[in-house]
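Trainee: Here you go, one structure.
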Amino acid sequence: MSEAIDRPHPTPRDYILIAVILFAITAAEVAVTYVDALDSARAPMLIVMSAAKFLLVVGWYMHLRFDRPAYRNLFLIGLVLTPVLFGAVLLSFGLLIGN
Amino acid sequence: MATLNPAVESATASHHGRKGVWSWMTTTDHKRIGLLYGVSSLLFFLVGGVEALLIRLQLAAADGTVLSADAYNQMFTMHATTMVFLVIMPAAAAFTNYLLPILLGARDVAFPRLNALSYWIYIFGGLFLTISFFVGGAPDGGWFGYAPLSTQVTEIVRMDYWALGVQILGLASLLSAINFITTVFTMRAPGMTLMRMPVFAWMATVVAFLLLFSLPIIAVGLFEVFLDRNLGTLFFDAAAGGTPLLWQHLFWLFGHPEVYILILPAMGIVSEVLPVFSRKPLFGRSFVIFSGIAIGFMGFGVWAHHMFVAGLGPVAEATFALTTMLIAVPTGVKIFNWIGTVWGGSVRLATPMLFSLGFIAMFVIGGLSGVTHSIVPSDTQQHDTYYIVAHFHYVLFGGAVFGLFGGIYYWWPKITGKLLNEGLGKLHFWLMLIGFNLTFAPMHILGLRGMPRRTYRYPKGLGFEFWNFIATVGSLTIAVSILIFLINAWRTKARGRVAGNDPWDGRTLEWSISSPPPEHNFDVVPVVHAEDDFWHRKYREDEEGRPVPIPGGGDPLVAGPDDPPIHLPSPSFYPILAAFGMFLTVLGLVYVPLGLVLAGVGVVTVVWGLFGWSMEPLTREEH
Amino acid sequence: MGRSTRVHPGIGRRRRVAIVLLLIAVALLLAACSGNDPTNLSRVVDGANPQSSLDARGPDSATINDLYWLVFWIAAAIFFLVQGALLVAIFRFRQRKGKERAVKQVHGNMRLELVWTIIPVLVLAVIAVPTLSTLFDLRRAPDPGENALQVEVIGHQWWWEFNYPEYGFRTASELHIPVDRPVYLTMTSADVIHSFWVPPLNGKRDALPGRISNLTLQADEPGVYVGQCAEFCGLAHADMRIRVFAESEEDFAAWATAQAQPAVIPSEGPAAAGWETFSTVCVACHAVEGTQAQVRIAPDLTHVASRTSFAGATIDNTPENLRAWLHDPSSLKPMRPDLNKPSQGRILGMPNFHLTDQQLDDLVALLETFK
Amino acid sequence: MAVLDHTEHAGHPDLGNVRKIAMWAFLGSECLFFGTLISTFLLYHNTTGDGPTAKEIFSIPFTSVSSFVLLMSSLTMVLAHHAAGRKDWRQMRVWLLATAGLGLVFLSGQAYEFTTFVHEGLTVTTSPFGSAFFVLTSFHGGHVAIGVLMLLATTFMSFGGKLHEGQGMNVELVGLYWHFVDIVWIVIFTVVYLLQV
Ligand code: HEA
Ligand code: HEA
Ligand code: CUA
Ligand SMILES: [Cu+2]
């Protein structure tokens, strides 16, 4: 595309590799839910893993890593605003803390 | 004079003869769409104003009997919904549509057909809300439709009209927000860097971002209300464990950014008018811009100040009190810079300037009373009283409406080619200023003396009679001033003075082209070298920084044979079709389950519209 | 002018046209003649503005007022400075006719920007400190040592239920409290959101369905204080009022003792006949202690005759008004009894039972015995 | 913000750029949309009343499979985009159709899941948990369905004879939308399903 930026674009092989990683993480996520020993560590682990998947898809499949920063900024505002605002809302309901 | 570029000529010719209703229905010209927005919002202003007058008549004396309780509740709900969603927002959209491309040196917005779609959804949405008066009553749950009152199905359809109407109006705004953002990012003329953009364009951009990020929240909230009412979901049903507070959060997460959506365009207008009529550039221009951005960001962090008596707990209340107070800082920066602009200038008190100065004076009052609301303990006395009603009319009417009228007087000659009468304009201003203060200043007193809002009557013996009567007199005075404006507009059409390209000695690009502008805006796309580029074409500064006219500097640019051809969007019938489909859809949804048939027809119409749209031959590139 | 507060599904078209045409005439008419005064507030309260938040009659309200006036004067100072600067700018630099000046093109001043950013921050800091400390103070529940009176408050469309758990009785829309003693309200709602507000005694607090909220009331001196539901709760939100009677400890104790007495069903005369009707019709919604009437979805009537007002404290409690109420409740207060769904606990007003004149007289006689 | 590089066009916007900006802005907005729905769900995840709870009703193996299907549809989507970049319209169509197919599989999975839940006693009217769950997942499903329609329309339009210049961009835009719907599901899968059991 015309707005290509210095970094080399991924190839189909990269895409498939990423798909494999995505699959692996998903499998790990599901596995974690079945391991009772991980009870208290489960939530943070799951969140980290799903964030990793999220970033992989956004960064590579959606080319955000390779595109103009303007796109990233438009999306990032929404992406950052969402947890901040709703974090506050849920906090005010006494969620997020104490459980 | 050089001959016109043939491309310019053909663009002018092919669009010249277009007249008639059909051409308006299919127009994709941002200026025509802007005009449509403007005229529609003015009409709705009369509707919302008549609703306000009925409210005032009912309250003129104790135990008023002009309206029944039921009619009164519909009246203030529809008054607010109309004024907010059908008047101020579209009026801002009118200015943005008409001016944004011109201010940026562009020939249109990024997506002209999408732009038309926004307008048609808006007008059908407005129609949809207004017909509710004639079919079983209008919405009556207040403009923020607190659940579970709004989900309590007493009147079968009323709040459905509200939920769906506001929903599609939101959709219209969301589409135009995306459109404006894209326009600003991609359509600026060469040399028009972001920091050279006129302040109005900046404020329009901030508004577009606020819309972009706040509308989805209310969209979900409105869906939840609608589903609670019609599908039996339990989002706000306390008995089942739902919590009404959720709705309050969702509404105000949108609602507070919304109030800045309402005021920032007016602030942008004032920032354009003050420099021109002070013959000085805007003082602290970058600070005005950045404080606008700061207001936008901070606007997302204060919503719970509308819930100070809802029981959030002292920690949350303290936090939101602080964020709310802080918003006074960037707002103050703007006020002071505006005064700094006037200071040391050569002040011409023409009507646009009067309205802009009136804006500053009145907005400060509303802003300061806003700060008194942020004092949580005081707000427990003020909340839901006329003191709040006073606050928000000072910022909404004293602010937004004054600012918008300033813009109307300022750009009227550009848009119509004729100058509004100054004498009548000044009469309008002074009457409105007096009427406005007569109406809303007493409400401060009433509120502190314990008069609750949204009450259709008050008993004798509470001491509310006198100031209410004054307020009613004031509102009638406002009505007279509006009539004077209408007369002025009418007279100007017939025998107004011809304006010429640049009647005010303007600073920005719109004054460099003819009045009214040609359909393609610019014969030559301007190359921008400075902020206030047009002013710099007309003047240079001497050693002491005083302007020295450059002979012939203000003459229009003329296209040469090498200039690239002009592309203009072709008219399209599909936007209005798709919007009509949405109208049918929501109308059907009000009357579930039978209405689902109509809704189905509506959805098919929407799909038809969108399909035709995407299949429409791109004889001209879609910009 | 007669009352015409009956509920219309919309506004009649003819009426709408008439209103638009006679806009101004009506305004004048209104000033000359308005509705009659069923509330008769002057009977219970005096002073020009009995509901004023500025006229503090309790410690909390007084604290709030002090804070308000502090902020008010700061705001007033800013107001005069800003408006003054604006006026000076306009008049000093006004362009006189025909004398155009070429003015220096000043673009800004960094130092000024800093000044007018920092000064407001400082002013706000000054405001913030007392705000926060007062806020936390007022949200504190009374200590056990303060011997607070506990009252449960339940908002209903469109009246208030007050429940005195220590004494075991309920009353409606009229609250009696002892002076100089904190009263701790525990509030909730039976239907939609309401807000309890008696300005001379304290700020307001929402009563939400499915949630508990609290408010402390305290009166410095005996008297009657009026208030109002402050959160829009539908049709008769305006007519959901409150009366608070602050009494000396002795008077309060006497009142409470009387209220705790069950009612006695009259055995003869019209009142006894009234009970016939009551026990067949009214028991569906109203409770009367000491009788089989135990449904509590409408105001408790055990001591209805001891109240100064009824129907959300909007109507003066006289036999004539009571009779009018029983004859056609919706003519005195906008309500939607046609939408009642008692099975789902939804009550939107008292229906018209089309009682005969005889029944009306008997019922009024009965209610007058519920002292 | 280095958005513009004006040397490449004087007043003539570069088509792709304009529409991509619009799409990213829209997706930024959608973050808030789904954020609101997910937060509503989080608020009510324990408010199950007399109805079934998340633990009782979710079948993680089943949902894992449909999550996997949706993830893989992102792969086929990006391959379609890649093919479009090479102007290999045939392959592009294949991958587009594959993506749409996977999307349909996901939707049928959701339909199946919904019916089982209804059979086990969870509907939108059972509890706030039920309301929030169904409304969130069906709004997501609605997005998937619109995505499928867009994929099919793009495929269809690419048959229509002349493949004009905008084709590649069409695929890219549909792709962005599709991937976004996928990442929303990544969050839903974790927050709504895995964290609740
Ligand atoms: C145009 C719309 C608009 C604007 C701009 C504002 C601006 C502000 N508003 Fe207002 N507000 C509304 C529209 C608006 N509001 C509406 C519609 C409602 C009611 C909704 C409803 O209930 O129906 C409302 C309600 C409302 C509440 C809720 C009250 C309640 O219901 O209990 C509060 C509480 O904090 C508040 C605060 C503020 C503040 C602090 C500002 C600030 O942004 C103001 C900042 C400006 C200034 C302060 C003046 C200039 C500054 C200086 C001169 C600098 C020096 C000043 C100081 C150091 C103080 N507003
Ligand atoms: C931008 C917003 C805006 C504007 C401009 C106005 C303008 C006015 N408002 Fe509005 N108002 C709100 C927003 C606005 N309001 C909101 C958000 C609420 C809260 C509602 C709620 O609680 O839910 C509210 C509530 C509100 C109330 C409180 C109702 C209550 O709580 O019970 C009152 C009471 O006086 C009032 C009065 C007025 C008046 C007199 C005007 C006037 O300034 C109007 C002036 C305009 C005219 C007078 C029009 C001119 C008309 C003619 C010239 C007629 C001739 C023409 C023909 C017949 C064709 N408003
Ligand atoms: Cu109860 Cu208003
Ligand atoms: Cu606000």
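Identifiers for the structure tokens are assigned positionally: chains receive A, B, ... in sequence, residues are indexed from 1 per chain, and ligands are indexed from 1 in the order shown.
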Could you give me the residues within 6 Å of ligand 3, counting only C-alpha atoms and all ligand atoms, as a list of chain:residue names?
Mentor: C:Gln157, C:Trp158, C:His194, C:Cys229, C:Ala230, C:Glu231, C:Phe232, C:Cys233, C:His237, C:Met240
Trainee: With C-alpha atoms retained, export the selected residues as a short mmCIF file (atom, residue, chain, number, x, y, z; two decimals), in the first residue's frame.
Mentor:
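The result, stored in result_32.cif:
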```cif
data_model
loop_
_atom_site.label_atom_id
_atom_site.label_comp_id
_atom_site.auth_asym_id
_atom_site.auth_seq_id
_atom_site.Cartn_x
_atom_site.Cartn_y
_atom_site.Cartn_z
CA GLN C 157 -44.90 7.21 43.68
CA TRP C 158 -45.97 9.80 45.04
CA HIS C 194 -36.91 9.72 44.69
CA CYS C 229 -39.16 15.01 46.63
CA ALA C 230 -36.34 16.33 44.48
CA GLU C 231 -35.77 13.61 41.93
CA PHE C 232 -38.19 13.52 39.06
CA CYS C 233 -40.32 10.46 39.71
CA HIS C 237 -43.41 14.40 41.27
CA MET C 240 -44.67 14.54 46.54
#
```
Trainee: Step one, run DSSP on the backbone; step two, keep only residues of chain A assigned to alpha helix (DSSP H); then write them as a count of residues only.
Mentor: 62
Trainee: I'd like the contact shell of range 38-46 of chain D - 8 Å cut-off, only C-alpha atoms, skipping same-chain residues fewer than 2 positions apart - returned as a list in words.
Mentor: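 In the requested form, the answer reads Phe86, Leu90, Phe93 and Leu95 of chain A; Gly242 and Leu246 of chain B; Phe34, Gly35, Thr36, Thr48, Thr53, Ala54, Pro128, Phe129, Ala132, Phe133, Leu136, Ile188, Val192 and Gln196 of chain D.
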Trainee: May I have the residues of chain A within 10 Å of chain B, counting only C-alpha atoms, written as a list in words?
Mentor: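 Only these qualify: Ala70, Leu74, Ile77, Gly78, Leu81, Thr82, Val84, Leu85, Phe86, Ala88, Val89, Leu90, Leu91, Ser92, Phe93 and Gly94 of chain A.
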Trainee: For ligand 2, collect every residue having any atom at a distance of at most 7 Å from a ligand atom (counting only C-alpha atoms and all ligand atoms); output as number ranges by chain.
Mentor: B: 45-46, 48-50, 52-53, 55-56, 76-77, 79-81, 83-84, 88, 142-144, 386, 389, 393, 396-397, 400-401, 436, 439, 453-456, 475-476, 478-480, 482-483; C: 20
Trainee: Against ligand 4, which residues of chain B fall within 10 Å? For each one I want the closest pair of atoms and the distance in Å (one decimal), counting only C-alpha atoms and all ligand atoms, rows by chain and increasing residue number, as a tab-separated table.
Mentor:
```
residue	atom	partner	partner_atom_place_in_ligand_line	distance
B:Trp252	CA	ligand 4	1 (Cu)	7.3
B:Leu253	CA	ligand 4	1 (Cu)	9.1
B:Phe254	CA	ligand 4	1 (Cu)	9.6
B:Gly255	CA	ligand 4	1 (Cu)	6.8
B:His256	CA	ligand 4	1 (Cu)	4.2
B:Pro257	CA	ligand 4	1 (Cu)	7.5
B:Glu258	CA	ligand 4	1 (Cu)	8.4
B:Val259	CA	ligand 4	1 (Cu)	6.7
B:Tyr260	CA	ligand 4	1 (Cu)	8.7
B:Gly299	CA	ligand 4	1 (Cu)	8.0
B:Phe300	CA	ligand 4	1 (Cu)	9.5
B:Gly301	CA	ligand 4	1 (Cu)	9.7
B:Val302	CA	ligand 4	1 (Cu)	6.6
B:Trp303	CA	ligand 4	1 (Cu)	5.6
B:Ala304	CA	ligand 4	1 (Cu)	7.7
B:His305	CA	ligand 4	1 (Cu)	6.2
B:His306	CA	ligand 4	1 (Cu)	6.0
B:Met307	CA	ligand 4	1 (Cu)	9.6
B:Thr324	CA	ligand 4	1 (Cu)	8.1
B:Gly370	CA	ligand 4	1 (Cu)	8.5
B:His373	CA	ligand 4	1 (Cu)	9.6
B:Ser374	CA	ligand 4	1 (Cu)	9.5
B:Phe392	CA	ligand 4	1 (Cu)	9.4
```
Trainee: Using only C-alpha atoms, I'd like every residue of chain D that has an atom within 6 Å of chain A; please write them out as a ChimeraX atom specification.
Mentor: /D:3,24-25,28,31-32,35,78,176,183
Trainee: Would you output that residue set with C-alpha atoms, as a short mmCIF file (atom, residue, chain, number, x, y, z; two decimals), in the first residue's frame?
Mentor:
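Written file, selection_24.cif:
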```
data_model
loop_
_atom_site.label_atom_id
_atom_site.label_comp_id
_atom_site.auth_asym_id
_atom_site.auth_seq_id
_atom_site.Cartn_x
_atom_site.Cartn_y
_atom_site.Cartn_z
CA VAL D 3 -0.81 12.61 9.44
CA TRP D 24 -9.79 3.53 12.48
CA ALA D 25 -11.79 6.35 13.99
CA GLY D 28 -11.82 3.65 18.25
CA CYS D 31 -13.92 0.22 21.69
CA LEU D 32 -16.17 2.31 23.87
CA GLY D 35 -16.38 -1.53 26.62
CA VAL D 78 -5.12 -11.38 6.44
CA LEU D 176 -9.75 -4.14 9.69
CA ILE D 183 -10.12 -8.96 19.07
#
```
Trainee: With 6 Å as the limit and counting only C-alpha atoms, what residues in chain B lie close to chain C? Please list them as a PyMOL selection string.
Mentor: chain B and resi 57+61+63-64+68+70+136-137+148-149+238+280+283-284+309-310+339+343-348+375+377-378+380-381+448-450+455+461-463+545-546
Trainee: Which polymer residues have any atom within 9 Å of an atom of Ser306 in chain C, counting only C-alpha atoms, with same-chain residues fewer than 5 positions away left out, as a list of chain:residue names?
Mentor: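 Answer for this query is C:Gln259, C:Asn317, C:Glu368, C:Phe370, C:Lys371.
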Trainee: Excluding same-chain residues fewer than 6 positions from Ser614 in chain B, what lies within 10 Å of it counting only C-alpha atoms, as a PyMOL selection string?
Mentor: (chain B and resi 574+608) or (chain D and resi 157)
Trainee: Include N, CA, C and O atoms and write out the residues we just selected as a CSV table (one decimal), in the first residue's frame.
Mentor:
```
chain,number,residue,atom,x,y,z
B,574,TYR,N,-29.4,8.1,-2.6
B,574,TYR,CA,-29.4,7.0,-1.7
B,574,TYR,C,-29.3,7.5,-0.2
B,574,TYR,O,-29.9,6.8,0.6
B,608,TRP,N,-31.4,-1.4,0.8
B,608,TRP,CA,-31.5,-0.9,-0.6
B,608,TRP,C,-30.7,0.4,-0.8
B,608,TRP,O,-29.9,0.5,-1.7
D,157,MET,N,-18.6,-8.3,-5.5
D,157,MET,CA,-18.2,-7.1,-6.3
D,157,MET,C,-17.0,-7.4,-7.1
D,157,MET,O,-16.8,-6.9,-8.2
```
Trainee: Can you list, as a PyMOL selection string, every protein, DNA or RNA residue that comes within 12 Å of Gly552 in chain B when you count only C-alpha atoms, leaving out same-chain residues fewer than 4 positions away?
Mentor: chain B and resi 512+537-539+556-557
Trainee: Out of C:Phe80, C:Arg323, C:Pro165, C:Val123, which residue has the shortest atom-to-atom distance to ligand 1 when counting only C-alpha atoms and all ligand atoms?
Mentor: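 Selected residue with least distance to ligand 1: C:Val123.
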Trainee: Compile the contact shell of range 89-98 of chain B as a compact mmCIF listing (two decimals) with all heavy atoms, in the first residue's frame: residues with an atom at most 6 Å away, counting only C-alpha atoms, same-chain residues fewer than 4 positions apart removed.
Mentor:
```
# COMPACT_ATOMS: atom_id res chain seq x y z
N HIS B 30 -21.40 20.25 0.68
CA HIS B 30 -21.34 20.50 2.13
C HIS B 30 -22.00 21.83 2.49
O HIS B 30 -22.53 21.97 3.59
CB HIS B 30 -19.89 20.49 2.61
CG HIS B 30 -19.07 21.65 2.14
ND1 HIS B 30 -18.86 22.76 2.90
CD2 HIS B 30 -18.43 21.88 0.97
CE1 HIS B 30 -18.11 23.62 2.24
NE2 HIS B 30 -17.84 23.12 1.06
N LYS B 31 -22.01 22.79 1.57
CA LYS B 31 -22.61 24.07 1.92
C LYS B 31 -24.13 23.97 1.95
O LYS B 31 -24.79 24.53 2.83
CB LYS B 31 -22.18 25.15 0.91
CG LYS B 31 -20.69 25.42 0.98
CD LYS B 31 -20.23 26.46 0.00
CE LYS B 31 -20.32 25.99 -1.45
NZ LYS B 31 -19.51 24.79 -1.74
N GLY B 34 -24.99 22.16 4.97
CA GLY B 34 -24.87 23.08 6.10
C GLY B 34 -26.10 23.97 6.22
O GLY B 34 -26.64 24.17 7.30
N TYR B 37 -28.99 22.00 7.55
CA TYR B 37 -28.85 21.88 9.00
C TYR B 37 -29.26 23.17 9.69
O TYR B 37 -29.98 23.17 10.69
CB TYR B 37 -27.39 21.59 9.35
CG TYR B 37 -27.02 20.14 9.55
CD1 TYR B 37 -26.13 19.50 8.69
CD2 TYR B 37 -27.52 19.42 10.62
CE1 TYR B 37 -25.75 18.17 8.88
CE2 TYR B 37 -27.16 18.09 10.82
CZ TYR B 37 -26.27 17.48 9.96
OH TYR B 37 -25.91 16.18 10.15
N GLY B 38 -28.80 24.29 9.15
CA GLY B 38 -29.05 25.56 9.80
C GLY B 38 -30.53 25.88 9.86
O GLY B 38 -31.07 26.22 10.92
N SER B 41 -32.39 23.52 12.21
CA SER B 41 -32.20 23.74 13.65
C SER B 41 -32.90 25.03 14.08
O SER B 41 -33.40 25.12 15.20
CB SER B 41 -30.72 23.76 14.01
OG SER B 41 -30.10 24.90 13.48
N PHE B 85 -30.59 18.17 21.22
CA PHE B 85 -30.28 17.27 20.11
C PHE B 85 -30.75 17.80 18.76
O PHE B 85 -30.25 17.38 17.73
CB PHE B 85 -30.89 15.89 20.36
CG PHE B 85 -30.31 15.19 21.55
CD1 PHE B 85 -31.02 15.11 22.73
CD2 PHE B 85 -29.04 14.64 21.50
CE1 PHE B 85 -30.48 14.47 23.85
CE2 PHE B 85 -28.49 14.01 22.60
CZ PHE B 85 -29.22 13.93 23.77
N PRO B 265 -18.23 24.50 19.97
CA PRO B 265 -18.39 25.21 18.69
C PRO B 265 -18.60 26.70 18.90
O PRO B 265 -18.01 27.52 18.19
CB PRO B 265 -19.64 24.56 18.09
CG PRO B 265 -19.71 23.22 18.70
CD PRO B 265 -19.19 23.40 20.10
```
Trainee: Taking only C-alpha atoms and all ligand atoms into account, name the residue in C:Ala56, C:Val126, C:Ala324, C:Ala62 that is nearest to ligand 1.
Mentor: C:Val126
